[in-house]
$ cat run.cif   # mmCIF, C-alpha atoms and all ligand atoms
data_final
loop_
_atom_site.group_PDB
_atom_site.id
_atom_site.type_symbol
_atom_site.label_atom_id
_atom_site.label_comp_id
_atom_site.auth_asym_id
_atom_site.auth_seq_id
_atom_site.Cartn_x
_atom_site.Cartn_y
_atom_site.Cartn_z
ATOM 1 C CA MET A 286 -20.630 110.832 61.104
ATOM 2 C CA THR A 287 -21.698 112.985 64.006
ATOM 3 C CA ARG A 288 -19.510 112.681 67.046
ATOM 4 C CA LEU A 289 -21.214 112.965 70.351
ATOM 5 C CA ASP A 290 -20.108 115.934 72.336
ATOM 6 C CA THR A 291 -19.219 115.581 75.979
ATOM 7 C CA GLU A 292 -22.732 116.639 76.947
ATOM 8 C CA ILE A 293 -24.220 113.210 76.196
ATOM 9 C CA LYS A 294 -23.110 109.939 77.772
ATOM 10 C CA LYS A 295 -24.566 106.563 76.926
ATOM 11 C CA LEU A 296 -24.910 103.989 79.707
ATOM 12 C CA SER A 297 -25.862 100.380 79.136
ATOM 13 C CA ILE A 298 -28.007 98.788 81.866
ATOM 14 C CA PRO A 299 -28.881 95.072 82.123
ATOM 15 C CA THR A 300 -32.563 94.093 82.085
ATOM 16 C CA PRO A 301 -34.366 90.847 82.942
ATOM 17 C CA TYR A 302 -35.988 90.901 79.470
ATOM 18 C CA ALA A 303 -35.188 89.009 76.281
ATOM 19 C CA VAL A 304 -34.168 92.267 74.597
ATOM 20 C CA GLY A 305 -31.022 92.423 76.763
ATOM 21 C CA ASP A 306 -29.444 95.674 77.925
ATOM 22 C CA VAL A 307 -31.217 99.011 77.722
ATOM 23 C CA ASN A 308 -29.407 102.269 76.936
ATOM 24 C CA VAL A 309 -29.968 105.335 79.073
ATOM 25 C CA TYR A 310 -28.433 108.736 78.331
ATOM 26 C CA VAL A 311 -26.957 111.333 80.631
ATOM 27 C CA ILE A 312 -27.304 114.846 79.226
ATOM 28 C CA LYS A 313 -25.456 117.634 80.944
ATOM 29 C CA GLY A 314 -27.762 120.497 80.033
ATOM 30 C CA GLU A 315 -28.724 123.380 82.290
ATOM 31 C CA ALA A 316 -30.454 120.601 84.176
ATOM 32 C CA LEU A 317 -28.621 117.315 84.708
ATOM 33 C CA THR A 318 -30.897 114.913 82.875
ATOM 34 C CA LEU A 319 -31.200 111.169 82.450
ATOM 35 C CA VAL A 320 -33.166 109.950 79.441
ATOM 36 C CA ASP A 321 -34.828 106.699 80.548
ATOM 37 C CA ALA A 322 -33.892 105.033 83.792
ATOM 38 C CA GLY A 323 -33.537 101.309 83.128
ATOM 39 C CA PRO A 324 -35.508 98.590 84.913
ATOM 40 C CA ARG A 325 -36.435 98.480 88.568
ATOM 41 C CA THR A 326 -34.050 95.654 89.490
ATOM 42 C CA HIS A 327 -31.149 95.409 91.956
ATOM 43 C CA GLU A 328 -28.758 94.635 89.138
ATOM 44 C CA GLY A 329 -30.057 97.561 87.092
ATOM 45 C CA LYS A 330 -29.592 99.936 90.005
ATOM 46 C CA GLU A 331 -26.080 98.656 90.743
ATOM 47 C CA VAL A 332 -24.903 99.052 87.157
ATOM 48 C CA LEU A 333 -26.546 102.470 86.874
ATOM 49 C CA GLU A 334 -24.830 103.655 90.061
ATOM 50 C CA LYS A 335 -21.460 102.273 89.007
ATOM 51 C CA SER A 336 -21.672 103.776 85.502
ATOM 52 C CA LEU A 337 -22.627 107.138 86.966
ATOM 53 C CA ARG A 338 -19.785 106.939 89.476
ATOM 54 C CA ASP A 339 -17.379 106.474 86.562
ATOM 55 C CA LEU A 340 -18.658 109.833 85.286
ATOM 56 C CA GLY A 341 -18.272 111.391 88.721
ATOM 57 C CA LEU A 342 -22.033 111.442 89.265
ATOM 58 C CA LEU A 343 -24.511 110.147 91.820
ATOM 59 C CA ILE A 344 -28.173 109.292 91.399
ATOM 60 C CA SER A 345 -28.923 112.125 93.813
ATOM 61 C CA ASP A 346 -27.240 114.655 91.479
ATOM 62 C CA PHE A 347 -29.971 114.438 88.841
ATOM 63 C CA ASP A 348 -32.442 117.260 88.359
ATOM 64 C CA GLN A 349 -34.743 115.355 86.031
ATOM 65 C CA ILE A 350 -35.516 112.185 84.110
ATOM 66 C CA VAL A 351 -37.181 112.116 80.700
ATOM 67 C CA LEU A 352 -38.995 108.926 79.692
ATOM 68 C CA THR A 353 -39.142 107.908 76.033
ATOM 69 C CA HIS A 354 -42.021 105.546 76.907
ATOM 70 C CA HIS A 355 -43.566 103.614 79.758
ATOM 71 C CA HIS A 356 -42.149 100.102 79.229
ATOM 72 C CA PRO A 357 -40.593 98.748 82.438
ATOM 73 C CA ASP A 358 -37.099 98.298 80.946
ATOM 74 C CA HIS A 359 -37.042 102.081 80.369
ATOM 75 C CA ALA A 360 -39.232 103.479 83.122
ATOM 76 C CA GLY A 361 -38.963 101.130 86.117
ATOM 77 C CA GLY A 362 -35.783 102.761 87.451
ATOM 78 C CA ILE A 363 -37.382 106.164 88.102
ATOM 79 C CA ASP A 364 -38.060 104.798 91.590
ATOM 80 C CA PHE A 365 -34.338 105.025 92.406
ATOM 81 C CA PHE A 366 -34.323 108.802 92.057
ATOM 82 C CA PRO A 367 -35.111 111.185 94.887
ATOM 83 C CA GLU A 368 -38.378 113.103 94.910
ATOM 84 C CA GLN A 369 -36.734 116.345 93.806
ATOM 85 C CA ALA A 370 -35.717 114.803 90.468
ATOM 86 C CA ILE A 371 -38.678 115.613 88.220
ATOM 87 C CA VAL A 372 -39.951 112.887 85.897
ATOM 88 C CA PHE A 373 -40.979 114.121 82.438
ATOM 89 C CA GLY A 374 -42.831 112.105 79.821
ATOM 90 C CA HIS A 375 -45.864 111.960 77.600
ATOM 91 C CA ALA A 376 -49.224 112.004 79.373
ATOM 92 C CA TYR A 377 -49.964 108.536 77.987
ATOM 93 C CA ASN A 378 -47.301 107.040 80.274
ATOM 94 C CA GLN A 379 -49.443 107.707 83.254
ATOM 95 C CA ARG A 380 -52.079 105.000 83.056
ATOM 96 C CA TRP A 381 -49.338 102.370 82.713
ATOM 97 C CA LEU A 382 -47.280 103.755 85.582
ATOM 98 C CA GLU A 383 -50.226 104.209 87.920
ATOM 99 C CA LEU A 384 -51.658 100.847 86.871
ATOM 100 C CA THR A 385 -54.778 101.393 88.943
ATOM 101 C CA ALA A 386 -57.185 98.547 89.657
ATOM 102 C CA GLU A 387 -59.559 100.253 87.244
ATOM 103 C CA PHE A 388 -56.991 100.279 84.422
ATOM 104 C CA ARG A 389 -56.020 96.660 85.122
ATOM 105 C CA ALA A 390 -59.669 95.692 84.778
ATOM 106 C CA GLU A 391 -59.855 97.721 81.555
ATOM 107 C CA LEU A 392 -56.792 95.870 80.248
ATOM 108 C CA ASP A 393 -58.253 92.461 81.067
ATOM 109 C CA GLN A 394 -61.496 93.399 79.342
ATOM 110 C CA PHE A 395 -59.661 94.822 76.318
ATOM 111 C CA TYR A 396 -57.630 91.653 75.756
ATOM 112 C CA LEU A 397 -60.674 89.484 76.339
ATOM 113 C CA ASN A 398 -62.661 91.426 73.718
ATOM 114 C CA ILE A 399 -59.908 91.613 71.157
ATOM 115 C CA GLY A 400 -59.053 87.955 71.750
ATOM 116 C CA LYS A 401 -62.649 87.088 70.960
ATOM 117 C CA GLU A 402 -62.666 89.175 67.774
ATOM 118 C CA LEU A 403 -59.474 87.476 66.626
ATOM 119 C CA GLY A 404 -60.668 83.967 67.446
ATOM 120 C CA VAL A 405 -58.191 83.413 70.303
ATOM 121 C CA PRO A 406 -59.472 80.551 72.497
ATOM 122 C CA GLU A 407 -60.938 82.028 75.680
ATOM 123 C CA GLU A 408 -58.534 80.229 78.022
ATOM 124 C CA LYS A 409 -55.577 81.744 76.143
ATOM 125 C CA ALA A 410 -56.892 85.315 75.918
ATOM 126 C CA ALA A 411 -55.707 86.299 79.413
ATOM 127 C CA SER A 412 -52.081 85.488 78.526
ATOM 128 C CA MET A 413 -52.147 88.270 75.899
ATOM 129 C CA ASN A 414 -52.001 90.734 78.770
ATOM 130 C CA ASN A 415 -48.235 91.147 79.143
ATOM 131 C CA TYR A 416 -48.579 93.338 82.190
ATOM 132 C CA ARG A 417 -49.975 90.591 84.367
ATOM 133 C CA GLY A 418 -46.610 89.102 85.233
ATOM 134 C CA SER A 419 -44.433 92.203 85.295
ATOM 135 C CA GLY A 420 -45.832 93.915 88.396
ATOM 136 C CA GLY A 421 -42.558 93.683 90.313
ATOM 137 C CA TYR A 422 -40.645 95.723 87.752
ATOM 138 C CA ILE A 423 -43.089 98.576 87.518
ATOM 139 C CA SER A 424 -42.153 101.816 89.222
ATOM 140 C CA LYS A 425 -44.098 103.316 92.082
ATOM 141 C CA ARG A 426 -43.341 106.840 90.886
ATOM 142 C CA THR A 427 -45.195 108.384 87.971
ATOM 143 C CA VAL A 428 -44.696 111.256 85.511
ATOM 144 C CA GLN A 429 -44.858 114.682 87.145
ATOM 145 C CA SER A 430 -44.632 116.924 84.110
ATOM 146 C CA TYR A 431 -46.079 116.139 80.698
ATOM 147 C CA LEU A 432 -44.330 116.584 77.367
ATOM 148 C CA LYS A 433 -46.006 116.799 73.988
ATOM 149 C CA GLU A 434 -45.162 117.325 70.320
ATOM 150 C CA GLY A 435 -42.970 120.369 69.725
ATOM 151 C CA ASP A 436 -42.179 121.077 73.378
ATOM 152 C CA GLU A 437 -38.662 122.129 74.227
ATOM 153 C CA ILE A 438 -37.632 120.054 77.211
ATOM 154 C CA PRO A 439 -37.189 122.279 80.260
ATOM 155 C CA GLY A 440 -33.544 122.416 81.318
ATOM 156 C CA LEU A 441 -32.376 120.978 77.986
ATOM 157 C CA PHE A 442 -31.864 123.888 75.656
ATOM 158 C CA GLY A 443 -32.479 123.001 72.014
ATOM 159 C CA TRP A 444 -33.946 119.530 72.664
ATOM 160 C CA GLN A 445 -37.367 119.122 71.135
ATOM 161 C CA VAL A 446 -40.060 116.500 71.648
ATOM 162 C CA ILE A 447 -41.272 114.509 68.650
ATOM 163 C CA GLU A 448 -44.239 112.233 69.340
ATOM 164 C CA THR A 449 -43.625 108.795 67.863
ATOM 165 C CA PRO A 450 -46.529 106.512 68.827
ATOM 166 C CA GLY A 451 -46.518 102.923 67.595
ATOM 167 C CA HIS A 452 -44.187 100.824 69.741
ATOM 168 C CA ALA A 453 -46.052 102.415 72.660
ATOM 169 C CA GLN A 454 -48.797 105.030 72.702
ATOM 170 C CA SER A 455 -46.650 107.033 75.129
ATOM 171 C CA HIS A 456 -43.566 107.003 72.897
ATOM 172 C CA ILE A 457 -41.638 110.224 72.274
ATOM 173 C CA SER A 458 -38.222 110.902 70.820
ATOM 174 C CA LEU A 459 -35.910 113.807 71.596
ATOM 175 C CA PHE A 460 -34.267 115.764 68.806
ATOM 176 C CA ARG A 461 -31.534 118.389 68.904
ATOM 177 C CA GLU A 462 -31.567 120.463 65.750
ATOM 178 C CA ARG A 463 -28.113 121.979 66.315
ATOM 179 C CA ASP A 464 -26.312 118.738 65.417
ATOM 180 C CA GLY A 465 -29.152 116.475 64.322
ATOM 181 C CA VAL A 466 -28.856 114.047 67.237
ATOM 182 C CA MET A 467 -31.995 112.029 67.909
ATOM 183 C CA ILE A 468 -32.547 110.082 71.105
ATOM 184 C CA GLY A 469 -34.983 107.593 69.713
ATOM 185 C CA GLY A 470 -35.982 105.222 72.533
ATOM 186 C CA ASP A 471 -37.366 102.071 70.944
ATOM 187 C CA HIS A 472 -38.701 103.760 67.822
ATOM 188 C CA LEU A 473 -35.887 102.521 65.600
ATOM 189 C CA LEU A 474 -33.288 99.950 66.599
ATOM 190 C CA ASN A 475 -30.316 98.332 64.949
ATOM 191 C CA LYS A 476 -30.944 94.654 64.141
ATOM 192 C CA ILE A 477 -34.238 94.402 66.062
ATOM 193 C CA SER A 478 -37.558 95.526 64.632
ATOM 194 C CA PRO A 479 -39.475 97.160 67.484
ATOM 195 C CA ASN A 480 -42.868 95.558 68.084
ATOM 196 C CA PRO A 481 -45.825 97.877 67.693
ATOM 197 C CA ILE A 482 -47.803 96.782 70.747
ATOM 198 C CA LEU A 483 -51.583 96.733 71.054
ATOM 199 C CA GLU A 484 -52.928 98.992 73.773
ATOM 200 C CA PRO A 485 -56.482 99.822 74.766
ATOM 201 C CA PRO A 486 -58.007 103.085 73.533
ATOM 202 C CA PHE A 487 -57.913 106.045 75.895
ATOM 203 C CA SER A 488 -61.628 105.978 76.444
ATOM 204 C CA PRO A 489 -63.838 102.935 76.001
ATOM 205 C CA ALA A 490 -65.913 104.814 73.410
ATOM 206 C CA GLU A 491 -62.918 105.193 71.056
ATOM 207 C CA SER A 492 -61.789 102.495 68.659
ATOM 208 C CA ARG A 493 -58.456 100.903 69.510
ATOM 209 C CA PRO A 494 -55.205 102.405 68.190
ATOM 210 C CA GLU A 495 -53.726 100.656 65.128
ATOM 211 C CA PRO A 496 -50.153 100.330 66.366
ATOM 212 C CA LEU A 497 -48.396 99.268 63.159
ATOM 213 C CA ASN A 498 -50.075 101.942 61.033
ATOM 214 C CA GLN A 499 -49.186 104.500 63.697
ATOM 215 C CA TYR A 500 -45.658 103.147 63.866
ATOM 216 C CA ASN A 501 -45.174 103.440 60.101
ATOM 217 C CA ASN A 502 -46.504 107.007 60.198
ATOM 218 C CA SER A 503 -44.076 107.815 63.003
ATOM 219 C CA LEU A 504 -41.209 106.338 60.953
ATOM 220 C CA ARG A 505 -42.235 108.478 57.961
ATOM 221 C CA LYS A 506 -42.355 111.472 60.285
ATOM 222 C CA TRP A 507 -38.676 110.869 61.090
ATOM 223 C CA LEU A 508 -37.872 110.926 57.357
ATOM 224 C CA GLU A 509 -38.773 114.634 57.456
ATOM 225 C CA VAL A 510 -36.331 115.322 60.292
ATOM 226 C CA PRO A 511 -32.651 116.066 59.501
ATOM 227 C CA ILE A 512 -31.261 113.315 61.751
ATOM 228 C CA SER A 513 -27.492 112.869 61.699
ATOM 229 C CA LEU A 514 -27.273 110.201 64.382
ATOM 230 C CA THR A 515 -29.857 108.142 66.243
ATOM 231 C CA LEU A 516 -29.093 107.053 69.785
ATOM 232 C CA THR A 517 -31.175 103.971 70.432
ATOM 233 C CA GLY A 518 -32.863 102.406 73.444
ATOM 234 C CA HIS A 519 -31.184 99.054 72.772
ATOM 235 C CA GLY A 520 -27.997 98.213 70.873
ATOM 236 C CA GLY A 521 -25.740 100.464 68.828
ATOM 237 C CA ASP A 522 -26.221 103.945 67.390
ATOM 238 C CA ILE A 523 -27.678 104.363 63.905
ATOM 239 C CA SER A 524 -25.756 106.578 61.523
ATOM 240 C CA GLU A 525 -27.881 105.953 58.427
ATOM 241 C CA THR A 526 -31.297 106.523 59.887
ATOM 242 C CA ARG A 527 -33.191 107.242 56.661
ATOM 243 C CA LYS A 528 -31.754 104.208 54.932
ATOM 244 C CA LEU A 529 -32.767 101.949 57.825
ATOM 245 C CA ILE A 530 -36.280 103.430 57.922
ATOM 246 C CA ARG A 531 -36.779 102.793 54.198
ATOM 247 C CA HIS A 532 -35.381 99.281 54.567
ATOM 248 C CA ASN A 533 -37.684 98.510 57.510
ATOM 249 C CA LEU A 534 -40.778 99.920 55.806
ATOM 250 C CA ALA A 535 -40.096 97.795 52.718
ATOM 251 C CA ARG A 536 -39.454 94.668 54.798
ATOM 252 C CA GLN A 537 -42.661 95.169 56.746
ATOM 253 C CA HIS A 538 -44.600 95.558 53.492
ATOM 254 C CA GLY A 539 -43.114 92.249 52.374
ATOM 255 C CA ARG A 540 -44.266 90.566 55.592
ATOM 256 C CA ALA A 541 -47.764 91.950 55.127
ATOM 257 C CA MET A 542 -47.876 90.567 51.590
ATOM 258 C CA ARG A 543 -47.093 87.115 53.009
ATOM 259 C CA VAL A 544 -50.141 87.508 55.238
ATOM 260 C CA LYS A 545 -52.197 88.493 52.210
ATOM 261 C CA GLN A 546 -51.050 85.301 50.473
ATOM 262 C CA MET A 547 -52.258 83.232 53.431
ATOM 263 C CA LEU A 548 -55.651 84.871 53.078
ATOM 264 C CA GLU A 549 -55.726 84.260 49.338
ATOM 265 C CA ALA A 550 -55.840 80.541 50.085
ATOM 266 C CA LYS A 551 -58.846 80.943 52.431
ATOM 267 C CA SER A 552 -60.450 83.423 54.787
ATOM 268 C CA GLN A 553 -59.130 83.099 58.335
ATOM 269 C CA THR A 554 -59.206 84.556 61.825
ATOM 270 C CA GLY A 555 -56.401 86.663 63.257
ATOM 271 C CA PHE A 556 -55.434 83.834 65.603
ATOM 272 C CA GLU A 557 -55.093 81.398 62.691
ATOM 273 C CA ILE A 558 -52.812 83.859 60.915
ATOM 274 C CA CYS A 559 -50.824 84.392 64.123
ATOM 275 C CA LYS A 560 -50.183 80.641 64.476
ATOM 276 C CA GLN A 561 -48.862 80.453 60.915
ATOM 277 C CA LEU A 562 -46.655 83.515 61.311
ATOM 278 C CA PHE A 563 -45.219 82.421 64.658
ATOM 279 C CA PRO A 564 -45.695 78.640 64.914
ATOM 280 C CA LYS A 565 -43.006 78.187 67.561
ATOM 281 C CA VAL A 566 -43.543 81.188 69.825
ATOM 282 C CA TYR A 567 -47.204 82.187 69.608
ATOM 283 C CA HIS A 568 -48.279 80.202 72.688
ATOM 284 C CA ARG A 569 -45.413 81.580 74.772
ATOM 285 C CA GLU A 570 -45.587 85.188 73.540
ATOM 286 C CA LEU A 571 -49.223 85.595 72.633
ATOM 287 C CA GLY A 572 -49.378 89.308 73.478
ATOM 288 C CA LEU A 573 -46.469 90.236 71.205
ATOM 289 C CA THR A 574 -47.313 87.858 68.360
ATOM 290 C CA ILE A 575 -50.982 88.893 68.321
ATOM 291 C CA SER A 576 -49.913 92.561 68.329
ATOM 292 C CA GLU A 577 -47.687 91.897 65.316
ATOM 293 C CA THR A 578 -50.436 89.950 63.534
ATOM 294 C CA VAL A 579 -53.087 92.590 64.177
ATOM 295 C CA GLY A 580 -50.615 95.192 62.935
ATOM 296 C CA GLN A 581 -50.182 93.410 59.608
ATOM 297 C CA LEU A 582 -53.950 92.916 59.259
ATOM 298 C CA ASP A 583 -54.622 96.608 60.035
ATOM 299 C CA TYR A 584 -51.968 97.554 57.489
ATOM 300 C CA LEU A 585 -53.469 95.382 54.736
ATOM 301 C CA GLU A 586 -56.947 96.680 55.544
ATOM 302 C CA GLY A 587 -55.629 100.232 55.345
ATOM 303 C CA LEU A 588 -54.251 99.494 51.879
ATOM 304 C CA GLY A 589 -57.618 98.052 50.846
ATOM 305 C CA GLU A 590 -55.995 94.658 50.191
ATOM 306 C CA ILE A 591 -58.138 92.714 52.656
ATOM 307 C CA LYS A 592 -61.447 93.046 54.478
ATOM 308 C CA LYS A 593 -62.965 91.597 57.617
ATOM 309 C CA GLU A 594 -66.422 90.254 58.238
ATOM 310 C CA ASP A 595 -68.037 89.896 61.644
ATOM 311 C CA GLN A 596 -69.249 86.312 62.081
ATOM 312 C CA ASN A 597 -70.930 86.018 65.478
ATOM 313 C CA GLY A 598 -68.395 88.337 67.071
ATOM 314 C CA ILE A 599 -65.347 86.774 65.373
ATOM 315 C CA TYR A 600 -63.673 88.569 62.476
ATOM 316 C CA MET A 601 -62.994 86.513 59.364
ATOM 317 C CA TYR A 602 -60.345 88.182 57.228
ATOM 318 C CA SER A 603 -60.318 87.683 53.477
ATOM 319 C CA VAL A 604 -58.734 89.185 50.394
ATOM 320 C CA HIS A 605 -60.649 92.017 48.757
ATOM 321 C CA SER A 606 -62.057 90.739 45.514
HETATM 322 ZN ZN ZN A 701 -40.240 99.463 74.729
#

$ encode --input "run.cif" --output "structure tokens" --more "lines below"
Ligand SMILES: [Zn+2]
Amino acid sequence: MTRLDTEIKKLSIPTPYAVGDVNVYVIKGEALTLVDAGPRTHEGKEVLEKSLRDLGLLISDFDQIVLTHHHPDHAGGIDFFPEQAIVFGHAYNQRWLELTAEFRAELDQFYLNIGKELGVPEEKAASMNNYRGSGGYISKRTVQSYLKEGDEIPGLFGWQVIETPGHAQSHISLFRERDGVMIGGDHLLNKISPNPILEPPFSPAESRPEPLNQYNNSLRKWLEVPISLTLTGHGGDISETRKLIRHNLARQHGRAMRVKQMLEAKSQTGFEICKQLFPKVYHRELGLTISETVGQLDYLEGLGEIKKEDQNGIYMYSVHS
């Protein structure tokens, strides 16, 4: 097992979300770097400051912050850092961090349209938009310098960016070839399977991203990387990364086959499938459960196992005969 050198410190920060604590990482490179910043909450800031103090550090000491993705439990805390600390991240963070009126309107329209296609009742479609209620936790700062596939992170010698879209379109992971350490954000977690979350396309003319298919591709991409240890965004480290990836891919295939079985009985809408997959939580967590359902349907379509038919604007999914 790879032991972490003294350059990397893991801090655990409480969040107001069901997922629990988020991990952020201090890297003492040429530039003092924090990977992810925790949520924008008083408690989050207090714990971050205290944990840094234990390391002899202050928030004002940091040269830069690198975001693995835009979700508020990872990105909200960038607001606590002074202007001179540069925020790095993928360009796709920006629309979520800026959250302009225009993008909010685009989001509402996107969920309305996709809700209609999936047969979600109109009065429920708005609740698919997870960002509606989380305004208070979203940072006011945004990304100042963009990172993309293959970039070496400035100030962090030997750390390379690997794009891992799926859980979020903005998702990147950071890999250090020297010892095989991967800082993985929410791409792969112990005990929790990260939700591939539906997001609108980057221009209205494009078709929407297929988050689960992307996610699986990003997992397979990691199989090609000589990872010795994965440092996660939530929970413990992962020492057997490849084994966990294979396990998760197989389990997800099994879940998709259950969806196929439901469609063997009769053709159905996405919303009908969602209710069967998540009978207890779908009404409370419609955004996440619909994302998961759409992911499985995209996956089965990609395999040629099922097809969809447009019936007056609503997709009916059925098994390929
Ligand atoms: Zn996340």

$ resolve_selection --input "run.cif" --expression "the PyMOL selection byres (((chain A and resi 384) around 12) and not hetatm)" --output "list in words"
His355, Tyr377, Asn378, Gln379, Arg380, Trp381, Leu382, Glu383, Thr385, Ala386, Glu387, Phe388, Arg389, Ala390, Glu391, Leu392, Tyr416, Arg417, Ser419, Gly420, Ile423, Ser424, Lys425, Arg426 and Thr427 of chain A

$ closest_residue --input "run.cif" --among "A:Gln561, A:Gln429, A:Thr554, A:Ser576" --to "Gly404 of chain A" --atoms "all atoms listed in the file"
A:Thr554

$ resolve_selection --input "run.cif" --expression "the PyMOL selection byres (((chain A and resi 327) around 12) and not hetatm)" --output "PyMOL selection string"
chain A and resi 298-301+323-326+328-334+361-362+364-365+421-422

$ write_last_selection --input "run.cif" --atoms "C-alpha atoms" --output "compact mmCIF listing (two decimals), in the frame of the given file"
# COMPACT_ATOMS: atom_id res chain seq x y z
CA ILE A 298 -28.01 98.79 81.87
CA PRO A 299 -28.88 95.07 82.12
CA THR A 300 -32.56 94.09 82.08
CA PRO A 301 -34.37 90.85 82.94
CA GLY A 323 -33.54 101.31 83.13
CA PRO A 324 -35.51 98.59 84.91
CA ARG A 325 -36.44 98.48 88.57
CA THR A 326 -34.05 95.65 89.49
CA GLU A 328 -28.76 94.64 89.14
CA GLY A 329 -30.06 97.56 87.09
CA LYS A 330 -29.59 99.94 90.00
CA GLU A 331 -26.08 98.66 90.74
CA VAL A 332 -24.90 99.05 87.16
CA LEU A 333 -26.55 102.47 86.87
CA GLU A 334 -24.83 103.66 90.06
CA GLY A 361 -38.96 101.13 86.12
CA GLY A 362 -35.78 102.76 87.45
CA ASP A 364 -38.06 104.80 91.59
CA PHE A 365 -34.34 105.02 92.41
CA GLY A 421 -42.56 93.68 90.31
CA TYR A 422 -40.65 95.72 87.75

$ residues_around --input "run.cif" --residues "segment 445-461 of chain A" --least-positions-apart "3" --cutoff "7 Å" --atoms "all atoms listed in the file" --output "PyMOL selection string"
chain A and resi 353-355+375+377-378+433-438+464-470+472+479-482+496-497+499-500+503

$ resolve_selection --input "run.cif" --expression "the PyMOL selection byres (((chain A and resi 410) around 9) and not hetatm)" --output "ChimeraX atom specification"
/A:393,396-401,405-409,411-414,571-572

$ write_last_selection --input "run.cif" --atoms "C-alpha atoms" --output "PDB file, in the frame of the given file"
ATOM      1  CA  ASP A 393     -58.253  92.461  81.067  1.00  0.00           C
ATOM      2  CA  TYR A 396     -57.630  91.653  75.756  1.00  0.00           C
ATOM      3  CA  LEU A 397     -60.674  89.484  76.339  1.00  0.00           C
ATOM      4  CA  ASN A 398     -62.661  91.426  73.718  1.00  0.00           C
ATOM      5  CA  ILE A 399     -59.908  91.613  71.157  1.00  0.00           C
ATOM      6  CA  GLY A 400     -59.053  87.955  71.750  1.00  0.00           C
ATOM      7  CA  LYS A 401     -62.649  87.088  70.960  1.00  0.00           C
ATOM      8  CA  VAL A 405     -58.191  83.413  70.303  1.00  0.00           C
ATOM      9  CA  PRO A 406     -59.472  80.551  72.497  1.00  0.00           C
ATOM     10  CA  GLU A 407     -60.938  82.028  75.680  1.00  0.00           C
ATOM     11  CA  GLU A 408     -58.534  80.229  78.022  1.00  0.00           C
ATOM     12  CA  LYS A 409     -55.577  81.744  76.143  1.00  0.00           C
ATOM     13  CA  ALA A 411     -55.707  86.299  79.413  1.00  0.00           C
ATOM     14  CA  SER A 412     -52.081  85.488  78.526  1.00  0.00           C
ATOM     15  CA  MET A 413     -52.147  88.270  75.899  1.00  0.00           C
ATOM     16  CA  ASN A 414     -52.001  90.734  78.770  1.00  0.00           C
ATOM     17  CA  LEU A 571     -49.223  85.595  72.633  1.00  0.00           C
ATOM     18  CA  GLY A 572     -49.378  89.308  73.478  1.00  0.00           C
TER      19      GLY A 572
END

$ residues_around --input "run.cif" --residues "Leu534 of chain A" --least-positions-apart "5" --cutoff "9 Å" --atoms "all atoms listed in the file" --output "list in words"
Asn501, Leu504, Arg505, Leu529 and Gly539 of chain A

$ write_last_selection --input "run.cif" --atoms "C-alpha atoms" --output "PDB file, in the coordinates of the input"
ATOM      1  CA  ASN A 501     -45.174 103.440  60.101  1.00  0.00           C
ATOM      2  CA  LEU A 504     -41.209 106.338  60.953  1.00  0.00           C
ATOM      3  CA  ARG A 505     -42.235 108.478  57.961  1.00  0.00           C
ATOM      4  CA  LEU A 529     -32.767 101.949  57.825  1.00  0.00           C
ATOM      5  CA  GLY A 539     -43.114  92.249  52.374  1.00  0.00           C
TER       6      GLY A 539
END

$ atom_distance --input "run.cif" --atom1 "atom CA of Leu582 of chain A" --atom2 "atom CA of Ile558 of chain A"
9.3 Å

$ closest_residue --input "run.cif" --among "A:Glu402, A:Ala303, A:Tyr567, A:Leu562" --to "Lys593 of chain A" --atoms "all atoms listed in the file"
A:Glu402

$ atom_distance --input "run.cif" --atom1 "atom CA of Gly518 of chain A" --atom2 "atom CA of Val307 of chain A"
5.7 Å

$ atom_distance --input "run.cif" --atom1 "atom CA of Asp471 of chain A" --atom2 "atom CA of Ala490 of chain A"
28.8 Å

$ closest_residue --input "run.cif" --among "A:Asn502, A:His519, A:Phe347, A:His532" --to "ligand ZN 701 (chain A)" --atoms "only C-alpha atoms and all ligand atoms"
A:His519

$ closest_residue --input "run.cif" --among "A:Tyr302, A:Phe563, A:Phe556, A:Tyr431" --to "ligand ZN 701 (chain A)" --atoms "all atoms listed in the file"
A:Tyr302

$ closest_residue --input "run.cif" --among "A:Glu509, A:Asn498, A:Arg536, A:Glu549" --to "Glu586 of chain A" --atoms "all atoms listed in the file"
A:Asn498

$ closest_residue --input "run.cif" --among "A:Asp348, A:Glu462, A:Asp358, A:Asp339" --to "ligand ZN 701 (chain A)" --atoms "only C-alpha atoms and all ligand atoms"
A:Asp358
